[in-house]
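Colleague: See input.txt below, with compact mmCIF, C-alpha atoms.
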```txt
# COMPACT_ATOMS: atom_id res chain seq x y z
CA MET O 5 -37.16 38.24 18.94
CA LYS O 6 -34.07 36.73 20.52
CA ARG O 7 -32.63 33.62 18.90
CA SER O 8 -32.93 31.67 22.15
CA LEU O 9 -36.67 32.33 22.13
CA SER O 10 -36.97 31.53 18.48
CA PHE O 11 -35.69 27.99 18.80
CA GLY O 12 -36.57 27.12 22.38
CA PRO O 13 -35.75 23.70 23.80
CA SER O 14 -35.37 22.07 20.37
CA ARG O 15 -32.09 23.88 19.67
CA PRO O 16 -29.86 21.56 21.80
CA THR O 17 -31.47 18.57 20.08
CA ALA O 18 -30.68 20.05 16.70
CA LEU O 19 -27.09 20.70 17.77
CA VAL O 20 -26.76 17.07 18.85
CA ALA O 21 -28.01 15.96 15.44
CA ALA O 22 -25.59 18.29 13.65
CA GLY O 23 -22.73 17.18 15.92
CA THR O 24 -23.49 13.54 15.18
CA ALA O 25 -23.33 14.40 11.49
CA LEU O 26 -19.96 16.11 12.00
CA ILE O 27 -18.52 13.00 13.67
CA ALA O 28 -20.06 10.81 10.95
CA LEU O 29 -18.45 13.03 8.32
CA THR O 30 -14.96 13.39 9.78
CA TYR O 31 -14.62 9.77 10.88
CA GLY O 32 -16.86 7.60 8.70
CA LEU O 33 -16.87 9.63 5.47
CA VAL O 34 -13.30 10.98 5.49
CA ARG O 35 -10.82 9.29 7.80
CA LEU O 36 -12.07 5.71 7.53
CA ALA O 37 -13.35 5.98 3.94
CA TYR O 38 -9.72 6.02 2.79
CA GLY O 39 -9.65 2.23 2.99
CA LEU O 40 -13.06 1.97 1.32
CA PHE O 41 -12.00 3.76 -1.86
CA LEU O 42 -8.39 2.54 -1.82
CA PRO O 43 -8.68 -0.20 -4.51
CA GLU O 44 -10.00 2.26 -7.12
CA VAL O 45 -7.46 4.91 -6.11
CA GLN O 46 -4.64 2.40 -6.47
CA ALA O 47 -5.86 1.36 -9.90
CA ASP O 48 -6.12 4.95 -11.17
CA LEU O 49 -3.10 6.58 -9.51
CA GLY O 50 -0.70 3.67 -9.12
CA LEU O 51 -0.46 3.92 -5.33
CA GLY O 52 1.34 0.78 -4.13
CA THR O 53 0.20 -1.36 -1.22
CA SER O 54 3.23 -0.54 0.92
CA ALA O 55 2.89 3.16 0.14
CA ALA O 56 -0.80 3.01 1.03
CA GLY O 57 0.17 1.72 4.47
CA TYR O 58 2.51 4.64 5.00
CA VAL O 59 -0.21 7.08 3.94
CA SER O 60 -2.46 5.55 6.58
CA ALA O 61 0.32 5.93 9.13
CA GLY O 62 0.66 9.59 8.20
CA ALA O 63 -3.10 10.07 8.49
CA SER O 64 -3.07 8.50 11.95
CA THR O 65 -0.24 10.78 13.02
CA SER O 66 -2.19 13.77 11.70
CA TYR O 67 -5.22 12.64 13.68
CA CYS O 68 -3.18 12.35 16.87
CA ALA O 69 -1.61 15.79 16.47
CA ALA O 70 -5.04 17.33 15.89
CA ALA O 71 -6.52 15.48 18.88
CA VAL O 72 -3.78 16.79 21.16
CA LEU O 73 -4.35 20.32 19.87
CA GLY O 74 -8.09 19.92 20.37
CA PHE O 75 -7.66 18.58 23.87
CA VAL O 76 -5.59 21.59 24.89
CA THR O 77 -7.81 24.27 23.33
CA ALA O 78 -11.35 22.85 23.37
CA GLY O 79 -12.27 24.58 26.61
CA ARG O 80 -11.54 28.01 25.14
CA ARG O 81 -12.02 27.71 21.38
CA PRO O 82 -14.43 24.87 20.52
CA ARG O 83 -16.03 26.78 17.65
CA LEU O 84 -12.62 27.42 16.11
CA LEU O 85 -11.91 23.68 16.35
CA VAL O 86 -15.20 22.91 14.58
CA LEU O 87 -14.20 25.29 11.81
CA GLY O 88 -10.79 23.65 11.61
CA ALA O 89 -12.35 20.20 11.48
CA GLY O 90 -14.65 21.21 8.64
CA LEU O 91 -11.86 22.91 6.69
CA SER O 92 -9.50 19.97 7.15
CA ALA O 93 -12.07 17.40 6.07
CA GLY O 94 -13.46 19.55 3.26
CA VAL O 95 -10.16 20.71 1.76
CA GLY O 96 -8.65 17.25 2.14
CA SER O 97 -11.61 15.61 0.39
CA ALA O 98 -11.63 18.18 -2.41
CA ALA O 99 -7.90 17.71 -2.96
CA MET O 100 -8.29 13.92 -3.05
CA ALA O 101 -11.07 14.28 -5.60
CA SER O 102 -8.89 16.36 -7.92
CA ALA O 103 -5.51 14.63 -7.35
CA GLN O 104 -3.70 13.51 -10.48
CA HIS O 105 -0.61 12.16 -8.73
CA PRO O 106 -0.31 9.68 -5.83
CA ALA O 107 1.80 12.14 -3.82
CA VAL O 108 -0.91 14.81 -4.00
CA PHE O 109 -3.57 12.29 -3.02
CA SER O 110 -1.44 11.09 -0.11
CA ILE O 111 -0.92 14.58 1.30
CA ALA O 112 -4.64 15.32 0.96
CA ALA O 113 -5.58 12.09 2.78
CA ILE O 114 -3.25 12.96 5.65
CA LEU O 115 -4.72 16.47 5.88
CA GLY O 116 -8.31 15.23 5.81
CA SER O 117 -7.72 12.83 8.69
CA ALA O 118 -6.91 15.71 11.03
CA GLY O 119 -10.57 16.78 10.95
CA ALA O 120 -11.63 13.85 13.11
CA GLY O 121 -9.04 14.68 15.75
CA LEU O 122 -10.35 18.24 15.99
CA ALA O 123 -14.05 17.35 15.86
CA SER O 124 -14.27 15.05 18.89
CA PRO O 125 -12.98 17.39 21.64
CA ALA O 126 -14.85 20.32 20.09
CA MET O 127 -18.19 18.52 20.18
CA VAL O 128 -17.65 17.33 23.76
CA GLN O 129 -17.35 20.97 24.78
CA LEU O 130 -20.25 22.25 22.65
CA VAL O 131 -22.66 19.57 23.91
CA ARG O 132 -21.52 20.23 27.47
CA GLY O 133 -22.54 23.86 27.10
CA SER O 134 -25.87 23.28 25.36
CA SER O 135 -27.42 20.20 26.98
CA ALA O 136 -28.99 20.13 30.44
CA PRO O 137 -27.28 17.83 33.01
CA PRO O 138 -30.05 15.18 33.02
CA VAL O 139 -29.57 14.42 29.32
CA ARG O 140 -25.94 15.50 28.81
CA GLU O 141 -24.41 12.03 28.92
CA ARG O 142 -27.03 10.67 26.55
CA ASP O 143 -26.41 13.53 24.12
CA GLN O 144 -22.67 12.97 24.28
CA ALA O 145 -23.19 9.29 23.51
CA ARG O 146 -25.37 10.11 20.51
CA VAL O 147 -22.79 12.49 19.07
CA ASN O 148 -19.91 10.08 19.63
CA ALA O 149 -21.86 7.25 18.00
CA GLY O 150 -21.71 9.03 14.65
CA THR O 151 -18.85 6.89 13.30
CA GLY O 152 -21.04 3.84 12.66
CA PRO O 153 -23.71 5.67 10.63
CA GLY O 154 -20.90 7.51 8.85
CA LEU O 155 -19.41 4.22 7.72
CA VAL O 156 -22.82 3.08 6.49
CA ALA O 157 -23.26 6.34 4.58
CA ALA O 158 -19.79 5.96 3.03
CA GLY O 159 -20.62 2.45 1.93
CA LEU O 160 -23.92 3.48 0.36
CA LEU O 161 -22.15 6.35 -1.42
CA ALA O 162 -19.61 3.89 -2.79
CA LEU O 163 -22.35 1.55 -3.97
CA ALA O 164 -23.97 4.38 -5.87
CA LEU O 165 -20.84 5.94 -7.41
CA LEU O 166 -17.93 3.52 -7.69
CA PRO O 167 -15.70 3.31 -9.65
CA ASN O 168 -16.08 7.11 -9.76
CA TRP O 169 -14.24 7.71 -6.48
CA ARG O 170 -13.48 11.31 -7.45
CA LEU O 171 -17.16 12.27 -7.46
CA ALA O 172 -17.61 10.56 -4.10
CA TRP O 173 -14.84 12.63 -2.49
CA GLY O 174 -16.20 15.77 -4.14
CA LEU O 175 -19.63 15.21 -2.60
CA VAL O 176 -18.06 14.62 0.80
CA ALA O 177 -16.20 17.93 0.49
CA ALA O 178 -19.48 19.73 -0.23
CA LEU O 179 -21.15 17.96 2.70
CA ALA O 180 -18.35 19.12 4.99
CA VAL O 181 -19.23 22.74 4.28
CA GLY O 182 -22.91 22.24 5.13
CA VAL O 183 -22.38 20.17 8.27
CA THR O 184 -19.77 22.55 9.68
CA ALA O 185 -21.97 25.57 9.03
CA ALA O 186 -24.91 23.84 10.74
CA VAL O 187 -22.92 23.07 13.89
CA LEU O 188 -21.59 26.62 14.18
CA TRP O 189 -25.01 28.17 13.59
CA LEU O 190 -26.88 25.91 15.98
CA ASP O 191 -24.31 26.37 18.72
CA GLY O 192 -24.85 30.14 18.69
CA GLU O 193 -21.81 30.59 20.97
CA ARG O 194 -23.76 29.14 23.90
CA ALA O 195 -21.27 26.42 24.76
CA ALA O 196 -19.53 26.55 28.11
CA ARG O 197 -16.04 27.96 27.83
CA GLY O 198 -13.55 26.71 30.35
CA ALA O 199 -9.98 27.53 31.25
CA GLY O 200 -8.66 24.24 29.96
CA LEU O 201 -7.71 20.98 31.57
CA GLY O 202 -5.43 20.63 34.56
CA VAL O 203 -2.31 18.49 34.30
CA PRO O 204 -3.00 14.93 35.53
CA THR O 205 -0.92 13.68 38.47
CA ARG O 206 1.81 11.07 38.26
CA SER O 207 -0.44 8.49 39.93
CA TRP O 208 -3.04 9.12 37.21
CA TRP O 209 -0.49 8.26 34.52
CA VAL O 210 0.64 5.17 36.40
CA ALA O 211 -2.97 3.98 36.78
CA HIS O 212 -3.38 4.12 33.01
CA GLY O 213 -0.32 2.01 32.22
CA ASP O 214 -2.12 -1.21 31.34
CA LEU O 215 -4.85 0.66 29.47
CA VAL O 216 -2.24 2.37 27.30
CA ALA O 217 -0.60 -0.97 26.47
CA ALA O 218 -3.95 -2.54 25.65
CA ALA O 219 -5.02 0.36 23.43
CA LEU O 220 -1.71 0.30 21.57
CA GLY O 221 -2.02 -3.41 20.79
CA MET O 222 -5.63 -3.09 19.71
CA GLY O 223 -4.79 -0.16 17.47
CA ALA O 224 -1.92 -1.97 15.76
CA GLY O 225 -4.00 -5.06 15.09
CA SER O 226 -7.10 -3.20 13.90
CA ALA O 227 -5.10 -1.39 11.19
CA ALA O 228 -5.42 -4.44 8.93
CA VAL O 229 -9.20 -4.32 8.53
CA TRP O 230 -9.58 -0.54 8.58
CA ASN O 231 -7.00 -0.01 5.85
CA PHE O 232 -6.90 -3.19 3.77
CA GLY O 233 -10.16 -5.03 4.49
CA ARG O 234 -11.83 -4.16 1.22
CA THR O 235 -8.60 -4.63 -0.71
CA VAL O 236 -8.42 -8.22 0.57
CA LEU O 237 -11.97 -8.94 -0.53
CA VAL O 238 -11.41 -7.46 -3.98
CA GLY O 239 -8.21 -9.45 -4.36
CA ALA O 240 -10.09 -12.65 -3.44
CA GLY O 241 -12.54 -12.10 -6.27
CA ALA O 242 -15.40 -10.43 -4.44
CA SER O 243 -17.65 -8.27 -6.57
CA GLU O 244 -17.57 -4.53 -6.13
CA ARG O 245 -21.02 -4.66 -4.55
CA THR O 246 -20.01 -7.34 -2.03
CA SER O 247 -16.81 -5.56 -1.04
CA VAL O 248 -18.67 -2.29 -0.45
CA LEU O 249 -21.44 -4.03 1.48
CA ALA O 250 -18.70 -5.33 3.75
CA TRP O 251 -17.89 -1.71 4.59
CA VAL O 252 -21.54 -1.05 5.36
CA ALA O 253 -21.43 -4.14 7.59
CA LEU O 254 -18.58 -2.58 9.59
CA GLY O 255 -20.75 0.45 10.26
CA LEU O 256 -23.77 -1.64 11.18
CA GLY O 257 -21.67 -3.63 13.63
CA GLY O 258 -20.43 -0.46 15.29
CA THR O 259 -23.95 0.94 15.51
CA ALA O 260 -25.18 -2.32 17.06
CA VAL O 261 -23.23 -1.60 20.25
CA ILE O 262 -26.07 0.74 21.19
CA GLY O 263 -28.38 -2.27 21.43
CA THR O 264 -25.95 -4.30 23.54
CA ALA O 265 -25.00 -1.46 25.90
CA ARG O 266 -27.02 -2.85 28.83
CA LEU O 267 -25.38 -6.27 28.48
CA LEU O 268 -21.90 -4.71 28.39
CA ASP O 269 -22.79 -2.64 31.43
CA GLY O 270 -23.66 -5.81 33.32
CA VAL O 271 -20.51 -7.79 32.58
CA GLY O 272 -18.04 -5.04 33.50
CA PRO O 273 -15.11 -3.50 31.61
CA VAL O 274 -12.72 -6.44 31.98
CA ALA O 275 -15.11 -8.83 30.24
CA ALA O 276 -16.26 -6.15 27.78
CA TRP O 277 -12.68 -5.48 26.75
CA GLY O 278 -11.77 -9.16 26.50
CA VAL O 279 -14.86 -10.10 24.50
CA GLY O 280 -14.81 -7.05 22.24
CA THR O 281 -11.12 -7.28 21.38
CA SER O 282 -11.29 -11.06 20.93
CA VAL O 283 -14.28 -10.76 18.60
CA ALA O 284 -12.47 -8.13 16.52
CA GLY O 285 -9.35 -10.29 16.39
CA GLY O 286 -11.31 -13.39 15.42
CA ALA O 287 -13.11 -11.47 12.70
CA THR O 288 -9.76 -10.33 11.29
CA ALA O 289 -8.59 -13.95 11.15
CA VAL O 290 -11.78 -14.98 9.33
CA LEU O 291 -11.19 -12.32 6.69
CA ALA O 292 -7.64 -13.60 6.29
CA LEU O 293 -8.59 -17.25 5.91
CA ALA O 294 -11.90 -17.05 4.04
CA PRO O 295 -12.02 -13.80 2.04
CA SER O 296 -13.64 -15.52 -0.95
CA ARG O 297 -16.69 -16.69 1.03
CA SER O 298 -18.86 -13.58 0.91
CA GLY O 299 -21.30 -14.66 3.62
CA TRP O 300 -18.55 -15.28 6.16
CA ALA O 301 -16.76 -12.10 5.12
CA LEU O 302 -19.84 -9.95 5.71
CA LEU O 303 -20.48 -11.54 9.10
CA ALA O 304 -16.83 -11.00 10.00
CA CYS O 305 -17.15 -7.31 9.17
CA VAL O 306 -20.25 -6.95 11.37
CA ALA O 307 -18.40 -8.73 14.18
CA PHE O 308 -15.32 -6.56 13.76
CA GLY O 309 -17.35 -3.35 13.87
CA TRP O 310 -19.13 -4.48 17.03
CA GLY O 311 -16.00 -5.78 18.75
CA PHE O 312 -13.93 -2.70 18.02
CA THR O 313 -16.60 -0.32 19.31
CA ALA O 314 -17.36 -2.45 22.39
CA ALA O 315 -13.68 -2.56 23.30
CA THR O 316 -13.43 1.21 22.93
CA GLY O 317 -16.35 1.61 25.32
CA ALA O 318 -14.52 -0.52 27.88
CA LEU O 319 -11.51 1.80 27.67
CA ILE O 320 -13.74 4.83 28.27
CA ALA O 321 -15.41 3.17 31.25
CA ALA O 322 -12.10 2.24 32.85
CA THR O 323 -10.55 5.68 32.62
CA SER O 324 -13.78 7.23 33.89
CA ARG O 325 -13.61 5.18 37.07
CA ILE O 326 -9.91 5.85 37.62
CA ASP O 327 -10.66 9.58 37.82
CA PRO O 328 -14.11 10.86 36.77
CA GLU O 329 -12.93 14.47 36.71
CA GLN O 330 -10.16 13.61 34.28
CA ALA O 331 -12.26 11.29 32.09
CA PRO O 332 -11.91 13.55 29.02
CA ALA O 333 -8.13 13.49 29.49
CA GLY O 334 -8.11 9.71 29.84
CA THR O 335 -10.31 9.24 26.79
CA SER O 336 -8.11 11.54 24.71
CA LEU O 337 -4.98 9.75 25.90
CA LEU O 338 -6.29 6.29 25.06
CA PHE O 339 -7.71 7.32 21.70
CA VAL O 340 -4.43 8.93 20.70
CA VAL O 341 -2.53 5.81 21.78
CA LEU O 342 -4.95 3.57 19.88
CA VAL O 343 -4.52 5.60 16.70
CA LEU O 344 -0.75 5.65 17.20
CA GLY O 345 -1.02 1.88 17.28
CA GLN O 346 -2.79 2.04 13.95
CA ALA O 347 -0.05 4.32 12.63
CA LEU O 348 2.51 1.66 13.60
CA GLY O 349 0.41 -1.27 12.42
CA ALA O 350 -0.63 0.02 8.97
CA PRO O 351 2.84 0.12 7.36
CA LEU O 352 3.76 -3.19 8.99
CA VAL O 353 0.64 -4.85 7.58
CA GLY O 354 1.23 -3.23 4.19
CA SER O 355 4.87 -4.30 4.06
CA LEU O 356 4.11 -7.85 5.20
CA ALA O 357 1.27 -8.11 2.67
CA SER O 358 3.62 -6.95 -0.10
CA THR O 359 6.16 -9.69 0.68
CA ALA O 360 4.16 -12.61 2.11
CA GLY O 361 0.55 -11.92 1.15
CA PHE O 362 -2.49 -10.59 2.94
CA ALA O 363 -3.36 -13.85 4.74
CA PRO O 364 -0.19 -13.89 6.90
CA ALA O 365 -0.45 -10.13 7.43
CA PHE O 366 -4.04 -10.36 8.68
CA VAL O 367 -3.33 -13.39 10.87
CA THR O 368 -0.48 -11.45 12.47
CA ALA O 369 -2.82 -8.53 13.09
CA ALA O 370 -5.39 -10.89 14.65
CA VAL O 371 -2.75 -12.29 16.99
CA ALA O 372 -1.85 -8.75 18.09
CA MET O 373 -5.47 -8.04 19.03
CA LEU O 374 -5.88 -11.35 20.85
CA ALA O 375 -2.72 -10.57 22.81
CA ALA O 376 -4.18 -7.18 23.75
CA ALA O 377 -7.35 -8.93 24.91
CA LEU O 378 -5.31 -11.11 27.27
CA LEU O 379 -3.35 -8.28 28.91
CA PRO O 380 -3.85 -8.70 32.68
CA PRO O 381 -6.27 -6.10 34.11
CA LEU O 382 -3.99 -5.08 36.95
CA ARG O 383 -5.37 -1.62 37.69
CA THR O 384 -8.26 -0.71 39.94
CA GLY O 385 -10.03 1.13 37.14
CA TRP O 386 -10.46 -2.06 35.13
CA ARG O 387 -11.94 -3.98 38.02
CA SER O 388 -14.38 -1.43 39.34
CA ALA O 389 -15.47 0.55 36.27
CA SER O 390 -18.80 -0.01 34.63
CA PRO O 391 -18.76 0.34 30.85
CA ALA O 392 -20.95 3.22 29.80
CA ALA O 393 -23.26 3.01 26.85
CA VAL O 394 -20.90 5.13 24.80
CA CYS O 395 -20.39 4.07 21.22
CA VAL O 396 -17.18 5.69 20.11
CA SER O 397 -14.73 4.75 17.41
CA PRO O 398 -11.53 6.82 17.36
CA SER O 399 -10.21 5.24 14.04
```
Kindly return the structure encoded in the file as structure tokens.
Modeller:
Amino acid sequence: MKRSLSFGPSRPTALVAAGTALIALTYGLVRLAYGLFLPEVQADLGLGTSAAGYVSAGASTSYCAAAVLGFVTAGRRPRLLVLGAGLSAGVGSAAMASAQHPAVFSIAAILGSAGAGLASPAMVQLVRGSSAPPVRERDQARVNAGTGPGLVAAGLLALALLPNWRLAWGLVAALAVGVTAAVLWLDGERAARGAGLGVPTRSWWVAHGDLVAAALGMGAGSAAVWNFGRTVLVGAGASERTSVLAWVALGLGGTAVIGTARLLDGVGPVAAWGVGTSVAGGATAVLALAPSRSGWALLACVAFGWGFTAATGALIAATSRIDPEQAPAGTSLLFVVLVLGQALGAPLVGSLASTAGFAPAFVTAAVAMLAAALLPPLRTGWRSASPAAVCVSPS
């Protein structure tokens, strides 16, 4: 019996589930979990705060390089990109688990972050080839929403295992093998293979000018919470359980965008961007000024997760309206710029925290996000786009 007859219509659904798990793994359990386990890593390996910021910058650069590679080759070699994503995340996690020196851990963290950059364009292509047009957008949204549940899973893993961060990374490495194998098997080489993306026109680049500036500012400001949020809470005297629950709260906030998608669709991308970025910036300021008040800190983390994801959805909606045919190119561009902003922001936050303390560093990051929220929406795409119910986090 042919494999297509063996699995029938449930196979695309299974691929969507496996793809969601791959995004959850590469983003929530590898790339973003760096900040979650950072306090214990610093205590055991002697990794300084400033150095930790530079590691995050390197990881962001690795993500961007992988995303560019994935964008160029996804149409022809999506399965190879999935394999690369799994190997990057798995080998990086295994190396972090066994590292005995901060330099080894740092290189492994940078390598592991590349998996997320490869996974996103690969899954866009695989879902495109396996899902029927009526449900394709919904399936893409489900896969891309994996970051939030991944953050929750990372937090629950930390609750169960910390301070044994090595075992946590070891389990993530093993999970990478299983998830990658599942995606490749369920795809069955049925995904559409294209010739690649055409080069966008000059007017397309010009139309994205304000979006690029906004994404860069948001990325730089968000680096504080993603990289040092838990460190701030631990330094303020929060218990290990409370600081890890804050990480779970970030994931819950990101996942909650699914429930507010209709509201965001109604207000338009200008308002969605302004509200989302402002909420994330305000939440960063709350963490800076009241890290010792656990209730406020947890609420701030939920708000940050929601605001960051809502703002990302507004970026996707705007680029989609500027040129629907080039929406994947626009999304890739803006995600790379956002992560480049994080690469610039992380060492600045780390250096400022080392000299002046975390409160001034986080307030500075909050100001950067509020400034990004106030950037004038000059382009047509901002005014006419309708934010899709896409829950994506490129961090």
Colleague: Which of these residues is nearest to Leu356 in chain O, using all atoms listed in the file: O:Pro16, O:Gly57, O:Gly119, O:Gly88?
Modeller: O:Gly57
Colleague: Contacts of Ala178 in chain O at 12 Å or less, counting only C-alpha atoms, minus same-chain residues fewer than 3 places along, as a VMD selection string?
Modeller: chain O and resid 29 33 90 to 91 93 to 98 101 171 to 175 181 to 185
Colleague: May I ask for the distance between CA of Ala347 in chain O and CA of Thr335 in chain O, given in Å to one decimal place?
Modeller: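 According to the coordinates, CA of Ala347 in chain O and CA of Thr335 in chain O are separated by 18.2 Å.
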Colleague: What's the 12 Å shell around Tyr58 in chain O, counting only C-alpha atoms, without same-chain residues fewer than 3 positions away, as a PyMOL selection string?
Modeller: chain O and resi 51-55+61-65+107+110-111+113-114+227+231+346-355
Colleague: Interatomic distance between CA of Ala69 in chain O and CA of Leu344 in chain O?
Modeller: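 One can read the CA of Ala69 in chain O to CA of Leu344 in chain O distance as 10.2 Å.
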Colleague: May I ask for the distance between CA of Ala369 in chain O and CA of Val341 in chain O, given in Å to one decimal place?
Modeller: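 Between these atoms lies a distance of 16.8 Å.
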Colleague: Point out the residue among O:Arg325, O:Thr288, O:Tyr31, O:Thr77 with the least atom-to-atom distance to Val367 in chain O, counting all atoms listed in the file.
Modeller: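 Smallest distance to Val367 in chain O is found for O:Thr288.
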Colleague: Looking at all atoms listed in the file, which of O:Gly361, O:Gly309, O:Pro273, O:Gly213 is the one that sits closest to Trp230 in chain O?
Modeller: O:Gly309
Colleague: Please tell me which residues are no farther than 10 Å from (-22.6, -9.8, 9.7) in the file, counting all atoms listed in the file, and write them as a PyMOL selection string.
Modeller: chain O and resi 250+252-254+256-257+299-310
Colleague: From the list O:Ser117, O:Asn168, O:Thr323, O:Thr368, which residue is nearest Gly285 in chain O when using only C-alpha atoms?
Modeller: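 Smallest distance to Gly285 in chain O is found for O:Thr368.
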Colleague: Give the answer as one residue: which of O:Gly286, O:Gly121, O:Gly79, O:Gly150 has the shortest atom-to-atom distance to Gly225 in chain O, using all atoms listed in the file?
Modeller: O:Gly286
Colleague: Counting only C-alpha atoms, which of O:Thr313, O:Val156, O:Ala217, O:Leu237 gets nearest to Val290 in chain O?
Modeller: O:Leu237
Colleague: When you get a chance, write out N, CA and C atoms for range 42-54 of chain O, as a compact mmCIF listing (two decimals), in the coordinates of the input.
Modeller:
```
# COMPACT_ATOMS: atom_id res chain seq x y z
N LEU O 42 -9.79 2.79 -1.49
CA LEU O 42 -8.39 2.54 -1.82
C LEU O 42 -8.19 1.68 -3.08
N PRO O 43 -8.94 0.59 -3.30
CA PRO O 43 -8.68 -0.20 -4.51
C PRO O 43 -8.80 0.61 -5.80
N GLU O 44 -9.82 1.45 -5.91
CA GLU O 44 -10.00 2.26 -7.12
C GLU O 44 -8.91 3.33 -7.23
N VAL O 45 -8.53 3.91 -6.10
CA VAL O 45 -7.46 4.91 -6.11
C VAL O 45 -6.15 4.27 -6.57
N GLN O 46 -5.86 3.09 -6.07
CA GLN O 46 -4.64 2.40 -6.47
C GLN O 46 -4.64 2.09 -7.96
N ALA O 47 -5.78 1.68 -8.48
CA ALA O 47 -5.86 1.36 -9.90
C ALA O 47 -5.67 2.60 -10.78
N ASP O 48 -6.20 3.73 -10.35
CA ASP O 48 -6.12 4.95 -11.17
C ASP O 48 -4.82 5.72 -11.00
N LEU O 49 -4.27 5.75 -9.78
CA LEU O 49 -3.10 6.58 -9.51
C LEU O 49 -1.82 5.79 -9.34
N GLY O 50 -1.91 4.47 -9.27
CA GLY O 50 -0.70 3.67 -9.12
C GLY O 50 -0.11 3.71 -7.73
N LEU O 51 -0.93 3.90 -6.71
CA LEU O 51 -0.46 3.92 -5.33
C LEU O 51 -0.23 2.48 -4.87
N GLY O 52 1.01 2.14 -4.52
CA GLY O 52 1.34 0.78 -4.13
C GLY O 52 0.80 0.41 -2.75
N THR O 53 0.74 -0.88 -2.48
CA THR O 53 0.20 -1.36 -1.22
C THR O 53 1.04 -0.89 -0.04
N SER O 54 2.36 -0.99 -0.17
CA SER O 54 3.23 -0.54 0.92
C SER O 54 3.10 0.96 1.13
```
